[in-house]
Amino acid sequence: MALLEIKKAGDPVLKKVSEPVEKITKRLRKLLDDMAETMYAGEGVGLAAPQIGESIRAVVVDVDKKNRYDMINPVITHREGSVVDNEGCLSCPDLFGDVERAEKIRVEYISRFGKKKTLEAEGLLARCIQHEIDHLDGRLFIDIATNITKGKRDNKQG
Ligand code: NI
């Protein structure tokens with residue numbers, strides 16, 4: 001596995017709408033593993049492919065260091081409730097802000113083995129998945145956050 005360079009806000013790749021993954025290859029699985037290693041090294045809870053310069057619809061998420069989800073072509077098919085919480089992003093170092101997100105979601109995606117999956121998520125997992133899918137649509141949390149502050153904080157970054 002290898003650590004990848006995380007693209008920072010201002011890099012045009014973060015503003016692009018990512019392309020759907022057409023074929024699951026060994027290269028893609030290695031990319032997902034490298035993304036996960038990069039996420040853990042940065043103490044993040046999620047990472048989207050555009051953040052390492054690949055404009056494809058793939059994300060890794062792990063909010064409890066127990067359950068890692070590799071999601072290919074994820075689509076949110078149901079949203080419920082609304083909650084505001086503080087979040088950060090590995091592409092926007094030291095910035096934190098409040099973002100309103102759905103409290104519960106249902107997401108459909110393809111696993112790294114090509115299986116169609118459905119996941120019901122709430123709390124931090126739901127927040128993180130929404131944050132990562134925003135990356136796939138070229139949206140950063142600082143585009144939608146309020147009360148943005150600078151400085152290291154013990155908030156979750158994705
Ligand atoms: Ni992010």
# chains A, B, ... in the order shown; residues from 1 in each chain; ligands from 1
call {"tool": "residues_near_ligand", "arguments": {"ligand": "ligand 1", "cutoff": "7 Å", "atoms": "only C-alpha atoms and all ligand atoms", "output": "list in words"}}
result
Leu47, Gly88, Cys89, Leu90, Ser91, His131, Glu132, His135, Leu140, Phe141, Gln157 and Gly158 of chain A
call {"tool": "residues_around", "arguments": {"residues": "range 92-97 of chain A", "least_positions_apart": "3", "cutoff": "6 Å", "atoms": "only C-alpha atoms", "output": "MDAnalysis selection string"}}
result
chainID A and resid 9 86:89 145:152
call {"tool": "write_last_selection", "arguments": {"atoms": "N, CA and C atoms", "output": "PDB file, in the first residue's frame"}}
result
ATOM      1  N   ALA A   9      -7.934  22.350  -1.199  1.00  0.00           N
ATOM      2  CA  ALA A   9      -8.902  23.301  -1.752  1.00  0.00           C
ATOM      3  C   ALA A   9      -8.166  24.277  -2.660  1.00  0.00           C
ATOM      4  N   ASN A  86     -20.517  20.067  13.503  1.00  0.00           N
ATOM      5  CA  ASN A  86     -19.235  20.605  13.075  1.00  0.00           C
ATOM      6  C   ASN A  86     -18.453  19.539  12.316  1.00  0.00           C
ATOM      7  N   GLU A  87     -17.833  19.915  11.201  1.00  0.00           N
ATOM      8  CA  GLU A  87     -17.011  18.955  10.478  1.00  0.00           C
ATOM      9  C   GLU A  87     -15.808  19.615   9.834  1.00  0.00           C
ATOM     10  N   GLY A  88     -14.883  18.785   9.406  1.00  0.00           N
ATOM     11  CA  GLY A  88     -13.686  19.259   8.729  1.00  0.00           C
ATOM     12  C   GLY A  88     -13.389  18.367   7.546  1.00  0.00           C
ATOM     13  N   CYS A  89     -12.313  18.677   6.828  1.00  0.00           N
ATOM     14  CA  CYS A  89     -12.013  17.969   5.590  1.00  0.00           C
ATOM     15  C   CYS A  89     -10.498  17.907   5.406  1.00  0.00           C
ATOM     16  N   ALA A 145     -20.797  25.348   4.515  1.00  0.00           N
ATOM     17  CA  ALA A 145     -20.727  25.440   5.981  1.00  0.00           C
ATOM     18  C   ALA A 145     -20.993  26.857   6.469  1.00  0.00           C
ATOM     19  N   THR A 146     -21.407  26.948   7.720  1.00  0.00           N
ATOM     20  CA  THR A 146     -21.498  28.238   8.408  1.00  0.00           C
ATOM     21  C   THR A 146     -20.546  28.196   9.601  1.00  0.00           C
ATOM     22  N   ASN A 147     -20.286  29.358  10.168  1.00  0.00           N
ATOM     23  CA  ASN A 147     -19.392  29.467  11.343  1.00  0.00           C
ATOM     24  C   ASN A 147     -18.046  28.793  11.098  1.00  0.00           C
ATOM     25  N   ILE A 148     -17.438  29.067   9.948  1.00  0.00           N
ATOM     26  CA  ILE A 148     -16.140  28.447   9.645  1.00  0.00           C
ATOM     27  C   ILE A 148     -15.062  29.068  10.531  1.00  0.00           C
ATOM     28  N   THR A 149     -14.296  28.196  11.183  1.00  0.00           N
ATOM     29  CA  THR A 149     -13.212  28.667  12.046  1.00  0.00           C
ATOM     30  C   THR A 149     -11.913  27.988  11.644  1.00  0.00           C
ATOM     31  N   LYS A 150     -10.816  28.607  11.993  1.00  0.00           N
ATOM     32  CA  LYS A 150      -9.494  28.086  11.676  1.00  0.00           C
ATOM     33  C   LYS A 150      -8.869  27.567  12.964  1.00  0.00           C
ATOM     34  N   GLY A 151      -8.087  26.523  12.840  1.00  0.00           N
ATOM     35  CA  GLY A 151      -7.391  26.027  14.018  1.00  0.00           C
ATOM     36  C   GLY A 151      -7.706  24.578  14.279  1.00  0.00           C
ATOM     37  N   LYS A 152      -6.739  23.892  14.837  1.00  0.00           N
ATOM     38  CA  LYS A 152      -6.904  22.461  15.090  1.00  0.00           C
ATOM     39  C   LYS A 152      -7.975  22.225  16.129  1.00  0.00           C
TER      40      LYS A 152
END
call {"tool": "residues_around", "arguments": {"residues": "Asp33 in chain A", "least_positions_apart": "2", "cutoff": "9 Å", "atoms": "only C-alpha atoms", "output": "CSV table (one decimal) with N, CA and C atoms, in the first residue's frame"}}
result
chain,number,residue,atom,x,y,z
A,1,MET,N,0.8,-1.2,0.0
A,1,MET,CA,0.0,0.0,0.0
A,1,MET,C,0.9,1.2,0.0
A,2,ALA,N,0.3,2.3,-0.3
A,2,ALA,CA,1.1,3.6,-0.4
A,2,ALA,C,0.3,4.8,0.0
A,28,LEU,N,-8.2,-0.5,-9.3
A,28,LEU,CA,-9.2,0.2,-8.5
A,28,LEU,C,-9.1,-0.3,-7.1
A,29,ARG,N,-9.0,-1.6,-6.9
A,29,ARG,CA,-9.0,-2.1,-5.5
A,29,ARG,C,-7.7,-1.6,-4.8
A,30,LYS,N,-6.6,-1.5,-5.5
A,30,LYS,CA,-5.4,-1.0,-4.9
A,30,LYS,C,-5.5,0.5,-4.6
A,31,LEU,N,-6.2,1.2,-5.5
A,31,LEU,CA,-6.4,2.6,-5.2
A,31,LEU,C,-7.3,2.8,-3.9
A,35,MET,N,-6.1,4.7,-0.7
A,35,MET,CA,-7.0,5.8,-0.1
A,35,MET,C,-7.2,5.5,1.3
A,36,ALA,N,-7.5,4.3,1.7
A,36,ALA,CA,-7.8,4.0,3.1
A,36,ALA,C,-6.6,4.2,4.0
A,37,GLU,N,-5.4,3.8,3.5
A,37,GLU,CA,-4.2,4.0,4.2
A,37,GLU,C,-3.9,5.5,4.4
A,38,THR,N,-4.2,6.3,3.4
A,38,THR,CA,-4.0,7.7,3.4
A,38,THR,C,-5.0,8.4,4.4
A,60,VAL,N,-13.9,5.9,0.4
A,60,VAL,CA,-13.7,5.0,1.6
A,60,VAL,C,-14.2,5.8,2.8
A,70,ASP,N,-15.9,0.5,1.5
A,70,ASP,CA,-15.4,1.0,0.2
A,70,ASP,C,-16.7,1.1,-0.7
call {"tool": "closest_residue", "arguments": {"among": "A:Arg68, A:Lys23, A:Lys8, A:Arg79", "to": "Arg101 in chain A", "atoms": "only C-alpha atoms"}}
result
A:Arg79
call {"tool": "atom_distance", "arguments": {"atom1": "CA of Ile76 in chain A", "atom2": "CA of Thr118 in chain A"}}
result
9.6 Å
call {"tool": "residues_around", "arguments": {"residues": "Asn73 in chain A", "least_positions_apart": "2", "cutoff": "9 Å", "atoms": "only C-alpha atoms", "output": "list of chain:residue names"}}
result
A:Glu19, A:Pro20, A:Val21, A:Ile56, A:Arg57, A:Ala58, A:Val59, A:Met71, A:Val75, A:Glu108, A:Tyr109, A:Ile110
call {"tool": "atom_distance", "arguments": {"atom1": "CA of Glu120 in chain A", "atom2": "CA of Arg106 in chain A"}}
result
4.5 Å
call {"tool": "closest_residue", "arguments": {"among": "A:Ile133, A:Asp64, A:Glu122, A:Ile144", "to": "Glu100 in chain A", "atoms": "only C-alpha atoms"}}
result
A:Ile144
call {"tool": "atom_distance", "arguments": {"atom1": "CA of Lys7 in chain A", "atom2": "CA of Val63 in chain A"}}
result
21.1 Å
